[in-house]
>>> print(open('run.cif').read())   # mmCIF, C-alpha atoms
data_data
#
loop_
_atom_site.label_atom_id
_atom_site.label_comp_id
_atom_site.auth_asym_id
_atom_site.auth_seq_id
_atom_site.Cartn_x
_atom_site.Cartn_y
_atom_site.Cartn_z
CA TYR R 1 39.34 -28.53 16.14
CA ASN R 2 42.92 -27.45 16.88
CA GLY R 3 46.13 -28.81 15.46
CA ASP R 4 46.04 -31.78 17.86
CA ASN R 5 42.62 -32.76 16.52
CA LYS R 6 41.01 -31.80 19.82
CA ALA R 7 37.75 -29.89 20.01
CA GLU R 8 38.18 -26.23 21.00
CA PHE R 9 34.44 -25.81 21.61
CA GLU R 10 31.13 -27.43 20.76
CA MET R 11 27.93 -25.93 19.38
CA MET R 12 24.44 -27.31 19.15
CA ALA R 13 23.08 -27.60 15.62
CA THR R 14 19.33 -27.35 15.11
CA ILE R 15 17.87 -29.03 12.04
CA ILE R 16 14.43 -27.84 10.97
CA MET R 17 12.16 -30.17 9.02
CA PRO R 18 9.25 -27.94 7.97
CA TYR R 19 5.78 -29.25 7.25
CA GLN R 20 5.16 -29.65 3.52
CA PHE R 21 1.95 -28.51 1.83
CA ASN R 22 1.07 -30.07 -1.52
CA SER R 23 -1.71 -31.71 -3.53
CA GLU R 24 -1.38 -34.95 -1.54
CA ASN R 25 -2.61 -33.23 1.64
CA ASN R 26 -4.80 -30.63 -0.16
CA TYR R 27 -2.32 -27.93 0.93
CA SER R 28 -3.57 -28.30 4.50
CA HIS R 29 -2.36 -29.74 7.82
CA SER R 30 -4.37 -30.40 10.97
CA TRP R 31 -3.22 -31.20 14.50
CA LYS R 32 -5.73 -32.59 16.98
CA ASN R 33 -5.64 -32.38 20.79
CA GLU R 34 -2.32 -30.56 20.96
CA ILE R 35 -1.22 -29.92 24.56
CA VAL R 36 1.08 -27.13 25.72
CA LYS R 37 1.98 -26.61 29.37
CA GLN R 38 2.02 -23.29 31.19
CA GLY R 39 4.98 -21.16 30.08
CA MET R 40 6.01 -23.70 27.43
CA HIS R 41 5.68 -23.40 23.67
CA LYS R 42 5.14 -25.48 20.54
CA ARG R 43 6.70 -24.45 17.25
CA TYR R 44 5.34 -25.27 13.80
CA PHE R 45 7.60 -24.66 10.80
CA LEU R 46 5.60 -24.16 7.60
CA GLU R 47 7.12 -24.24 4.13
CA VAL R 48 5.17 -22.01 1.76
CA PRO R 49 4.27 -24.03 -1.37
CA PRO R 50 5.04 -22.52 -4.78
CA GLY R 51 2.17 -20.38 -6.05
CA ALA R 52 0.61 -19.83 -2.63
CA ALA R 53 -1.34 -16.58 -2.34
CA SER R 54 -2.76 -16.88 1.17
CA MET R 55 -2.35 -18.79 4.43
CA ARG R 56 -5.15 -19.43 6.90
CA ILE R 57 -4.39 -20.26 10.54
CA LYS R 58 -7.24 -21.55 12.68
CA LEU R 59 -6.81 -22.54 16.33
CA SER R 60 -9.89 -23.97 18.04
CA SER R 61 -10.95 -25.43 21.37
CA ASP R 62 -13.84 -27.69 22.34
CA SER R 63 -16.23 -26.56 25.03
CA ASP R 64 -14.83 -29.09 27.52
CA GLN R 65 -11.19 -28.09 26.90
CA HIS R 66 -9.09 -25.55 28.78
CA THR R 67 -7.22 -23.27 26.37
CA VAL R 68 -5.40 -20.08 27.34
CA CYS R 69 -2.47 -19.27 25.06
CA ARG R 70 -0.65 -16.74 22.95
CA MET R 71 0.23 -17.07 19.29
CA TYR R 72 3.06 -15.70 17.20
CA LEU R 73 3.87 -15.93 13.49
CA HIS R 74 7.30 -15.13 12.06
CA LYS R 75 8.22 -14.61 8.41
CA PRO R 76 11.19 -16.51 6.88
CA GLU R 77 13.64 -13.77 7.92
CA GLY R 78 12.33 -13.68 11.49
CA GLU R 79 10.00 -10.66 11.30
CA GLU R 80 6.99 -11.04 13.59
CA VAL R 81 3.70 -10.59 11.71
CA LEU R 82 1.28 -11.90 14.35
CA PHE R 83 0.86 -11.60 18.08
CA ALA R 84 -2.51 -12.67 19.44
CA ALA R 85 -4.07 -14.13 22.57
CA PHE R 86 -6.76 -16.81 22.81
CA ASN R 87 -8.86 -17.66 25.85
CA ALA R 88 -11.56 -20.29 25.44
CA GLY R 89 -12.97 -19.21 28.80
CA ASN R 90 -14.09 -15.90 27.25
CA ASN R 91 -16.62 -17.72 25.06
CA ASP R 92 -14.14 -17.89 22.18
CA SER R 93 -14.38 -21.25 20.42
CA ASP R 94 -11.75 -20.51 17.80
CA TYR R 95 -9.25 -17.98 16.47
CA GLU R 96 -8.86 -17.57 12.72
CA LYS R 97 -6.70 -15.25 10.63
CA TYR R 98 -5.64 -14.97 7.00
CA PHE R 99 -2.24 -13.85 5.71
CA TYR R 100 -1.59 -12.61 2.18
CA ASN R 101 1.39 -11.58 0.03
CA LEU R 102 3.45 -14.42 1.47
CA ASP R 103 7.23 -14.46 1.28
CA PRO R 104 8.80 -17.65 -0.10
CA GLY R 105 10.52 -19.82 2.48
CA VAL R 106 9.64 -21.21 5.90
CA TYR R 107 7.29 -19.44 8.35
CA GLU R 108 7.27 -20.26 12.06
CA PHE R 109 4.02 -20.40 14.02
CA VAL R 110 4.39 -20.56 17.82
CA VAL R 111 1.77 -21.42 20.43
CA LEU R 112 2.78 -20.33 23.96
CA GLY R 113 0.90 -21.63 26.97
CA GLN R 114 -0.15 -18.77 29.23
CA PHE R 115 2.04 -18.99 32.34
CA THR R 116 -0.84 -17.93 34.64
CA ALA R 117 -3.21 -20.62 33.33
CA LYS R 118 -4.53 -23.05 35.92
CA GLU R 119 -3.70 -26.10 33.78
CA PRO R 120 -2.13 -27.05 30.42
CA SER R 121 -3.92 -25.88 27.28
CA THR R 122 -5.44 -28.26 24.73
CA TYR R 123 -6.26 -27.09 21.21
CA ASP R 124 -6.79 -28.12 17.61
CA LEU R 125 -4.85 -26.40 14.84
CA ASN R 126 -5.46 -26.19 11.10
CA ILE R 127 -3.21 -24.39 8.61
CA GLU R 128 -4.19 -24.15 4.97
CA PHE R 129 -2.75 -22.44 1.87
CA LYS R 130 -4.71 -21.13 -1.13
CA SER R 131 -3.58 -20.02 -4.58
CA ILE R 132 -5.52 -17.49 -6.60
CA ASN R 133 -3.17 -15.29 -8.60
CA ARG R 134 -3.91 -12.35 -10.85
CA ASP R 135 -2.15 -12.14 -14.20
CA GLU R 136 -1.18 -8.47 -13.83
CA LYS R 137 -1.03 -6.82 -10.42
CA ARG R 138 -1.46 -3.30 -11.70
CA VAL R 139 -3.84 -0.38 -11.21
CA LEU R 140 -7.03 -0.77 -13.25
CA GLU R 141 -8.43 2.09 -15.30
CA TYR R 142 -11.88 3.07 -14.08
CA ASP R 143 -13.70 1.71 -17.15
CA GLU R 144 -11.51 -1.43 -17.23
CA LYS R 145 -13.77 -3.91 -15.50
CA VAL R 146 -12.25 -7.28 -16.37
CA ILE R 147 -9.38 -9.07 -14.63
CA SER R 148 -7.79 -12.48 -15.27
CA ILE R 149 -6.94 -14.96 -12.51
CA PHE R 150 -5.29 -18.38 -12.23
CA ASN R 151 -5.28 -21.25 -9.76
CA LEU R 152 -1.64 -22.31 -9.47
CA PHE R 153 -2.26 -25.28 -7.15
CA ASN R 154 -2.87 -28.77 -8.50
CA LYS R 155 -6.36 -28.81 -6.99
CA VAL R 156 -9.84 -27.91 -8.22
CA GLU R 157 -11.45 -25.15 -6.15
CA SER R 158 -15.00 -23.70 -6.15
CA TYR R 159 -16.03 -20.36 -4.67
CA SER R 160 -18.72 -17.70 -4.55
CA MET R 161 -17.47 -14.19 -5.29
CA SER R 162 -18.23 -10.62 -4.24
CA GLY R 163 -16.28 -7.41 -3.77
CA LYS R 164 -16.15 -3.91 -2.33
CA ILE R 165 -14.42 -0.59 -2.97
CA LEU R 166 -13.18 0.16 0.56
CA GLY R 167 -11.53 3.56 0.22
CA TYR R 168 -8.40 4.94 -1.41
CA GLN R 169 -4.61 4.63 -1.26
CA LYS R 170 -1.70 6.88 -2.09
CA ASP R 171 2.07 6.43 -2.15
CA ILE R 172 4.32 8.77 -0.19
CA SER R 173 8.08 8.89 -0.75
CA VAL R 174 10.24 10.60 1.88
CA PHE R 175 13.96 11.27 1.81
CA LEU R 176 15.43 11.77 5.28
CA ASP R 177 18.59 13.84 5.10
CA SER R 178 20.33 14.08 8.48
CA VAL R 179 17.14 14.81 10.41
CA GLU R 180 16.07 13.51 13.80
CA THR R 181 12.33 13.86 13.11
CA TYR R 182 10.19 14.27 10.00
CA GLU R 183 6.56 15.44 10.00
CA ILE R 184 3.89 14.59 7.42
CA PRO R 185 0.62 16.54 7.86
CA PHE R 186 -2.62 14.79 6.86
CA THR R 187 -6.35 15.16 7.36
CA ILE R 188 -9.16 12.78 8.24
CA LYS R 189 -12.69 13.69 7.13
CA ASN R 190 -16.03 12.84 8.65
CA ASN R 191 -16.82 10.35 5.84
CA GLU R 192 -13.61 8.41 6.56
CA SER R 193 -13.53 5.77 9.30
CA ALA R 194 -9.77 5.22 9.61
CA LYS R 195 -6.32 5.81 8.17
CA LYS R 196 -3.38 3.44 8.11
CA PHE R 197 0.24 4.08 7.12
CA ASP R 198 2.41 1.14 6.01
CA ILE R 199 6.05 2.18 6.29
CA LYS R 200 9.07 0.48 4.74
CA ILE R 201 12.79 1.20 4.57
CA SER R 202 15.63 -0.87 3.17
CA LYS R 203 17.29 -3.46 5.37
CA THR R 204 20.60 -1.64 4.86
CA ASP R 205 19.12 1.57 6.25
CA PHE R 206 17.45 -0.27 9.12
CA ASN R 207 20.85 -1.58 10.19
CA LYS R 208 21.94 2.04 10.73
CA LEU R 209 19.31 2.45 13.46
CA THR R 210 18.76 1.44 17.03
CA ASP R 211 15.05 2.30 16.81
CA PHE R 212 12.49 3.87 14.48
CA ALA R 213 9.45 5.33 16.24
CA VAL R 214 6.28 6.38 14.41
CA LEU R 215 3.80 8.76 16.04
CA ILE R 216 0.50 10.45 15.20
CA TYR R 217 -0.27 13.80 16.86
CA ASP R 218 -3.64 15.54 17.07
CA GLU R 219 -4.28 19.25 16.58
CA ASN R 220 -3.28 19.97 20.18
CA GLY R 221 0.10 18.25 19.89
CA LYS R 222 -1.04 15.18 21.85
CA ILE R 223 0.11 11.72 20.79
CA ILE R 224 -2.97 9.68 19.84
CA SER R 225 -1.19 6.68 18.30
CA SER R 226 2.35 5.33 18.55
CA ASP R 227 4.24 2.41 17.07
CA GLY R 228 7.57 1.58 15.48
CA LEU R 229 9.31 -0.53 12.88
CA GLY R 230 9.77 -4.07 14.14
CA TYR R 231 12.28 -4.69 11.38
CA SER R 232 12.49 -2.79 8.10
CA GLU R 233 8.67 -2.56 7.92
CA GLY R 234 5.92 -1.35 10.22
CA SER R 235 2.54 0.32 10.31
CA ILE R 236 0.48 2.76 12.36
CA SER R 237 -3.21 3.60 12.21
CA VAL R 238 -5.79 5.96 13.66
CA ARG R 239 -9.59 5.60 13.83
CA ASN R 240 -11.92 8.51 13.27
CA THR R 241 -13.43 9.22 16.68
CA PHE R 242 -13.59 12.96 16.04
CA SER R 243 -16.73 15.07 15.84
CA LYS R 244 -15.40 17.65 13.35
CA GLU R 245 -16.01 17.67 9.60
CA GLU R 246 -12.24 17.56 9.04
CA VAL R 247 -9.36 17.12 11.48
CA ASN R 248 -5.71 18.03 10.85
CA LEU R 249 -3.28 15.42 12.18
CA LYS R 250 0.44 14.84 11.89
CA LEU R 251 2.42 11.68 11.16
CA THR R 252 5.90 11.95 12.67
CA LEU R 253 8.89 9.73 11.85
CA VAL R 254 11.60 9.49 14.52
CA PRO R 255 14.66 7.49 13.39
CA ALA R 256 17.26 6.85 16.11
CA TYR R 257 20.63 6.43 14.45
CA ALA R 258 23.39 4.30 15.94
CA ASN R 259 25.83 7.06 15.06
CA GLU R 260 25.17 10.52 13.65
CA ALA R 261 22.02 11.20 11.63
CA GLY R 262 22.34 10.01 8.05
CA GLN R 263 20.30 9.65 4.90
CA MET R 264 17.61 7.15 3.98
CA ASP R 265 14.56 6.67 1.77
CA VAL R 266 11.22 5.90 3.41
CA ASN R 267 8.32 4.48 1.39
CA ILE R 268 4.83 4.89 2.82
CA ILE R 269 1.43 3.64 1.64
CA GLU R 270 -1.41 5.70 3.09
CA THR R 271 -4.69 3.75 3.18
CA THR R 272 -7.94 5.56 3.93
CA VAL R 273 -11.03 3.50 4.79
CA ALA R 274 -14.32 5.08 3.75
CA LYS R 275 -17.42 4.85 5.90
CA ASN R 276 -19.61 4.18 2.86
CA LYS R 277 -18.17 1.27 0.92
CA VAL R 278 -19.21 0.52 -2.65
CA ASN R 279 -20.29 -2.99 -3.62
CA ILE R 280 -18.61 -4.69 -6.56
CA GLY R 281 -20.54 -7.33 -8.48
CA VAL R 282 -18.12 -10.10 -9.48
CA THR R 283 -19.06 -12.72 -12.08
CA SER R 284 -17.47 -15.36 -14.27
CA ASP R 285 -19.56 -16.38 -17.27
CA TYR R 286 -22.48 -14.40 -15.79
CA SER R 287 -22.37 -16.27 -12.47
CA ASN R 288 -21.03 -15.21 -9.08
CA ARG R 289 -19.81 -18.79 -8.62
CA ILE R 290 -16.62 -20.17 -10.10
CA THR R 291 -14.89 -23.53 -10.30
CA MET R 292 -11.18 -23.12 -10.91
CA TYR R 293 -9.07 -25.86 -12.46
CA PRO R 294 -5.28 -25.78 -12.19
CA SER R 295 -3.40 -23.35 -14.46
CA VAL R 296 -6.53 -22.33 -16.42
CA GLU R 297 -7.13 -18.63 -17.03
CA TYR R 298 -10.48 -17.24 -15.86
CA GLN R 299 -11.85 -13.78 -16.56
CA LEU R 300 -13.82 -11.98 -13.87
CA SER R 301 -16.22 -9.18 -14.76
CA LEU R 302 -16.45 -6.35 -12.22
CA ASN R 303 -19.59 -4.23 -11.96
CA TYR R 304 -19.44 -1.13 -9.73
CA LEU R 305 -20.61 2.47 -9.59
CA TYR R 306 -18.49 5.57 -9.07
CA PRO R 307 -17.96 6.07 -5.30
CA SER R 308 -19.65 9.09 -3.74
CA PHE R 309 -16.55 10.10 -1.77
CA THR R 310 -13.82 12.22 -3.34
CA ILE R 311 -10.15 11.31 -3.26
CA PRO R 312 -6.91 13.30 -3.75
CA ASP R 313 -5.49 13.71 -7.26
CA ASP R 314 -2.50 11.49 -6.46
CA ALA R 315 -4.59 8.66 -4.98
CA VAL R 316 -6.37 5.59 -6.37
CA TYR R 317 -9.45 3.71 -5.19
CA TYR R 318 -8.70 0.45 -3.46
CA GLY R 319 -10.90 -2.56 -2.81
CA LYS R 320 -11.02 -6.33 -2.60
CA VAL R 321 -12.61 -9.29 -4.35
CA TYR R 322 -13.71 -11.92 -1.83
CA PHE R 323 -13.71 -15.65 -2.53
CA LYS R 324 -15.90 -17.66 -0.16
CA SER R 325 -16.67 -21.34 0.27
CA LEU R 326 -19.92 -22.51 -1.29
CA SER R 327 -20.92 -24.23 1.93
CA GLY R 328 -21.06 -21.88 4.89
CA GLY R 329 -19.79 -18.79 3.09
CA GLN R 330 -16.43 -18.88 4.85
CA LYS R 331 -13.91 -16.42 3.41
CA LYS R 332 -11.06 -18.28 1.74
CA TYR R 333 -9.19 -15.51 -0.02
CA GLU R 334 -9.35 -11.82 -0.79
CA LEU R 335 -7.80 -10.32 -3.90
CA PRO R 336 -6.71 -6.66 -3.57
CA LEU R 337 -7.60 -4.17 -6.31
CA GLN R 338 -6.53 -0.64 -7.14
CA ILE R 339 -8.62 1.46 -9.53
CA ASN R 340 -7.82 4.85 -11.07
CA LYS R 341 -10.46 7.52 -10.59
#
>>> encode(input="run.cif", output="structure tokens")
Amino acid sequence: YNGDNKAEFEMMATIIMPYQFNSENNYSHSWKNEIVKQGMHKRYFLEVPPGAASMRIKLSSDSDQHTVCRMYLHKPEGEEVLFAAFNAGNNDSDYEKYFYNLDPGVYEFVVLGQFTAKEPSTYDLNIEFKSINRDEKRVLEYDEKVISIFNLFNKVESYSMSGKILGYQKDISVFLDSVETYEIPFTIKNNESAKKFDIKISKTDFNKLTDFAVLIYDENGKIISSDGLGYSEGSISVRNTFSKEEVNLKLTLVPAYANEAGQMDVNIIETTVAKNKVNIGVTSDYSNRITMYPSVEYQLSLNYLYPSFTIPDDAVYYGKVYFKSLSGGQKKYELPLQINK
């Protein structure tokens, strides 16, 4: 308002009332027979409950329903962490995905009706949170085969458990000092099925950029994978489709500065997936089944053999413990592990 108490301009205020997840609704919400028209969208704001360790999103369609849509998930600060398409006409009855290491706050899930669809889309949606937390999220010593976990939700949960050593991980720290490109050589061996690089910079450094491209080149200088940072984080991966025993590749970082090239720290986690995984036997009180009461500590015993594949000196084995429903064996949660060699 100005001095005469007259409005200079008006703005629309949007108030968001996110869906709550708690013990009263078993940390789950379901929506039945949702309808979204072509080119229109529905938005679901989801408040992460305290102690949540995973979120499951399941969108399904009955055989007599027409469903062609796209899906997006945004973290509390707006970063997109999911883009997927669903077409019930391609014999897909449902789409299901799990998300871990959740940020506190409100996530936004968006369903967009495909604009080329012949009619509006009808779907059912279920979103559920789980809470299995480890007491210490640190690297285990190789002969340290016991971990402690808690259920931080006010709900009794029962699971069957198993696990696998999937490959190895290593941390890479890069300091970019007034450079336009930075190359990181790496190799992929015939007993490795894929490599993935998770890349992160600070939000302050990201604000210095107009773009941050990430490329992987083969031995002939050809780009075989390309991506970029959507915000201050991003990832790029390559699958092993090569016939050689060992292939030399190159990860290239290309920051595009708004002004002249500056300085920044880049943190990278290199994950290598082995072709021959190693099973982990997981038990609690000599059983692979567990019933978890709220806020009670449970010890899990891990039984595994030394993997046959070798890893670099600066790397650690990585794997996961899987928690599945007793009826149907549906995966409910996976707990990441890192183990020293």
>>> residues_around(input="run.cif", residues="Asn26 of chain R", least_positions_apart="4", cutoff="12 Å", atoms="all atoms listed in the file", output="PyMOL selection string")
chain R and resi 20-22+30+49+127-131+153-157
>>> closest_residue(input="run.cif", among="R:Ala13, R:Met40, R:Leu125, R:Val81", to="Gly230 of chain R", atoms="only C-alpha atoms")
R:Val81
>>> atom_distance(input="run.cif", atom1="atom CA of Tyr317 of chain R", atom2="atom CA of Glu270 of chain R")
11.7 Å
>>> atom_distance(input="run.cif", atom1="atom CA of Gly163 of chain R", atom2="atom CA of Asn126 of chain R")
26.3 Å
>>> residues_around(input="run.cif", residues="segment 95-103 of chain R", least_positions_apart="4", cutoff="10 Å", atoms="only C-alpha atoms", output="VMD selection string")
chain R and resid 48 51 to 61 71 75 to 77 81 to 82 84 to 88 107 125 to 130 331 to 336
>>> residues_around(input="run.cif", residues="segment 176-193 of chain R", least_positions_apart="2", cutoff="7 Å", atoms="all atoms listed in the file", output="PDB file with C-alpha atoms, keeping the file's coordinate frame")
ATOM      1  CA  VAL R 174      10.240  10.600   1.880  1.00  0.00           C
ATOM      2  CA  ARG R 239      -9.590   5.600  13.830  1.00  0.00           C
ATOM      3  CA  ASN R 240     -11.920   8.510  13.270  1.00  0.00           C
ATOM      4  CA  LYS R 244     -15.400  17.650  13.350  1.00  0.00           C
ATOM      5  CA  GLU R 245     -16.010  17.670   9.600  1.00  0.00           C
ATOM      6  CA  GLU R 246     -12.240  17.560   9.040  1.00  0.00           C
ATOM      7  CA  VAL R 247      -9.360  17.120  11.480  1.00  0.00           C
ATOM      8  CA  ASN R 248      -5.710  18.030  10.850  1.00  0.00           C
ATOM      9  CA  LEU R 249      -3.280  15.420  12.180  1.00  0.00           C
ATOM     10  CA  LYS R 250       0.440  14.840  11.890  1.00  0.00           C
ATOM     11  CA  LEU R 251       2.420  11.680  11.160  1.00  0.00           C
ATOM     12  CA  THR R 252       5.900  11.950  12.670  1.00  0.00           C
ATOM     13  CA  LEU R 253       8.890   9.730  11.850  1.00  0.00           C
ATOM     14  CA  VAL R 254      11.600   9.490  14.520  1.00  0.00           C
ATOM     15  CA  PRO R 255      14.660   7.490  13.390  1.00  0.00           C
ATOM     16  CA  ALA R 261      22.020  11.200  11.630  1.00  0.00           C
ATOM     17  CA  GLY R 262      22.340  10.010   8.050  1.00  0.00           C
ATOM     18  CA  GLN R 263      20.300   9.650   4.900  1.00  0.00           C
ATOM     19  CA  MET R 264      17.610   7.150   3.980  1.00  0.00           C
ATOM     20  CA  ASP R 265      14.560   6.670   1.770  1.00  0.00           C
ATOM     21  CA  THR R 272      -7.940   5.560   3.930  1.00  0.00           C
ATOM     22  CA  VAL R 273     -11.030   3.500   4.790  1.00  0.00           C
ATOM     23  CA  ALA R 274     -14.320   5.080   3.750  1.00  0.00           C
ATOM     24  CA  LYS R 275     -17.420   4.850   5.900  1.00  0.00           C
TER      25      LYS R 275
END
>>> atom_distance(input="run.cif", atom1="atom CA of Tyr27 of chain R", atom2="atom CA of Thr283 of chain R")
26.1 Å
>>> resolve_selection(input="run.cif", expression="the PyMOL selection byres ((chain R and resi 312) around 10)", output="list in words")
Tyr168, Gln169, Lys170, Thr310, Ile311, Asp313, Asp314, Ala315, Val316 and Lys341 of chain R
>>> closest_residue(input="run.cif", among="R:Tyr322, R:Tyr306, R:Ser301, R:Ile216", to="Ile147 of chain R", atoms="only C-alpha atoms")
R:Ser301
>>> resolve_selection(input="run.cif", expression="the PyMOL selection byres ((chain R and resi 324) around 10)", output="ChimeraX atom specification")
/R:158-162,289,321-323,325-334
>>> closest_residue(input="run.cif", among="R:Glu80, R:Glu108, R:Asp218, R:Asp171", to="Tyr44 of chain R", atoms="all atoms listed in the file")
R:Glu108
>>> resolve_selection(input="run.cif", expression="the PyMOL selection byres ((chain R and resi 164) around 7)", output="ChimeraX atom specification")
/R:163,165-166,277-280,319-321
>>> closest_residue(input="run.cif", among="R:Pro104, R:Gly78, R:Gly221, R:Pro294", to="Phe150 of chain R", atoms="all atoms listed in the file")
R:Pro294
>>> residues_around(input="run.cif", residues="Asp143 of chain R", least_positions_apart="5", cutoff="10 Å", atoms="all atoms listed in the file", output="list of chain:residue names")
R:Leu302, R:Asn303, R:Tyr304, R:Ile339, R:Asn340, R:Lys341
>>> residues_around(input="run.cif", residues="Arg43 of chain R", least_positions_apart="4", cutoff="7 Å", atoms="only C-alpha atoms", output="number ranges by chain")
R: 108-111
>>> residues_near_point(input="run.cif", point="(-5.9, -30.5, 22.5)", cutoff="6 Å", atoms="all atoms listed in the file", output="list of chain:residue names")
R:Lys32, R:Asn33, R:Glu34, R:Ile35, R:Thr122, R:Tyr123, R:Asp124
>>> build_atoms(input="run.cif", residues="segment 128-143 of chain R", atoms="N, CA, C and O atoms", output="short mmCIF file (atom, residue, chain, number, x, y, z; two decimals), keeping the file's coordinate frame")
data_model
loop_
_atom_site.label_atom_id
_atom_site.label_comp_id
_atom_site.auth_asym_id
_atom_site.auth_seq_id
_atom_site.Cartn_x
_atom_site.Cartn_y
_atom_site.Cartn_z
N GLU R 128 -3.84 -23.84 6.35
CA GLU R 128 -4.19 -24.15 4.97
C GLU R 128 -3.70 -23.03 4.05
O GLU R 128 -3.78 -21.84 4.40
N PHE R 129 -3.19 -23.40 2.88
CA PHE R 129 -2.75 -22.44 1.87
C PHE R 129 -3.71 -22.46 0.68
O PHE R 129 -4.26 -23.50 0.33
N LYS R 130 -3.89 -21.28 0.07
CA LYS R 130 -4.71 -21.13 -1.13
C LYS R 130 -3.90 -20.41 -2.20
O LYS R 130 -2.94 -19.69 -1.90
N SER R 131 -4.32 -20.63 -3.47
CA SER R 131 -3.58 -20.02 -4.58
C SER R 131 -4.53 -19.49 -5.63
O SER R 131 -5.04 -20.23 -6.45
N ILE R 132 -4.80 -18.19 -5.53
CA ILE R 132 -5.52 -17.49 -6.60
C ILE R 132 -4.65 -16.31 -6.97
O ILE R 132 -4.43 -15.40 -6.16
N ASN R 133 -4.11 -16.32 -8.17
CA ASN R 133 -3.17 -15.29 -8.60
C ASN R 133 -3.72 -14.51 -9.78
O ASN R 133 -4.34 -15.08 -10.69
N ARG R 134 -3.48 -13.21 -9.76
CA ARG R 134 -3.91 -12.35 -10.85
C ARG R 134 -2.80 -12.25 -11.88
O ARG R 134 -1.61 -12.26 -11.52
N ASP R 135 -3.18 -12.14 -13.16
CA ASP R 135 -2.15 -12.14 -14.20
C ASP R 135 -1.29 -10.88 -14.15
O ASP R 135 -0.09 -10.94 -14.34
N GLU R 136 -1.92 -9.73 -13.90
CA GLU R 136 -1.18 -8.47 -13.83
C GLU R 136 -1.62 -7.72 -12.58
O GLU R 136 -2.78 -7.30 -12.48
N LYS R 137 -0.70 -7.54 -11.66
CA LYS R 137 -1.03 -6.82 -10.42
C LYS R 137 -0.75 -5.34 -10.61
O LYS R 137 0.20 -4.79 -10.10
N ARG R 138 -1.63 -4.71 -11.39
CA ARG R 138 -1.46 -3.30 -11.70
C ARG R 138 -2.75 -2.55 -11.39
O ARG R 138 -3.79 -3.14 -11.11
N VAL R 139 -2.67 -1.22 -11.46
CA VAL R 139 -3.84 -0.38 -11.21
C VAL R 139 -4.77 -0.45 -12.42
O VAL R 139 -4.34 -0.26 -13.56
N LEU R 140 -6.05 -0.72 -12.18
CA LEU R 140 -7.03 -0.77 -13.25
C LEU R 140 -7.48 0.64 -13.62
O LEU R 140 -7.59 1.52 -12.75
N GLU R 141 -7.74 0.86 -14.90
CA GLU R 141 -8.43 2.09 -15.30
C GLU R 141 -9.89 1.97 -14.87
O GLU R 141 -10.42 0.86 -14.73
N TYR R 142 -10.55 3.11 -14.67
CA TYR R 142 -11.88 3.07 -14.08
C TYR R 142 -12.87 2.28 -14.94
O TYR R 142 -13.73 1.56 -14.43
N ASP R 143 -12.77 2.42 -16.27
CA ASP R 143 -13.70 1.71 -17.15
C ASP R 143 -13.17 0.32 -17.55
O ASP R 143 -13.75 -0.34 -18.39
#
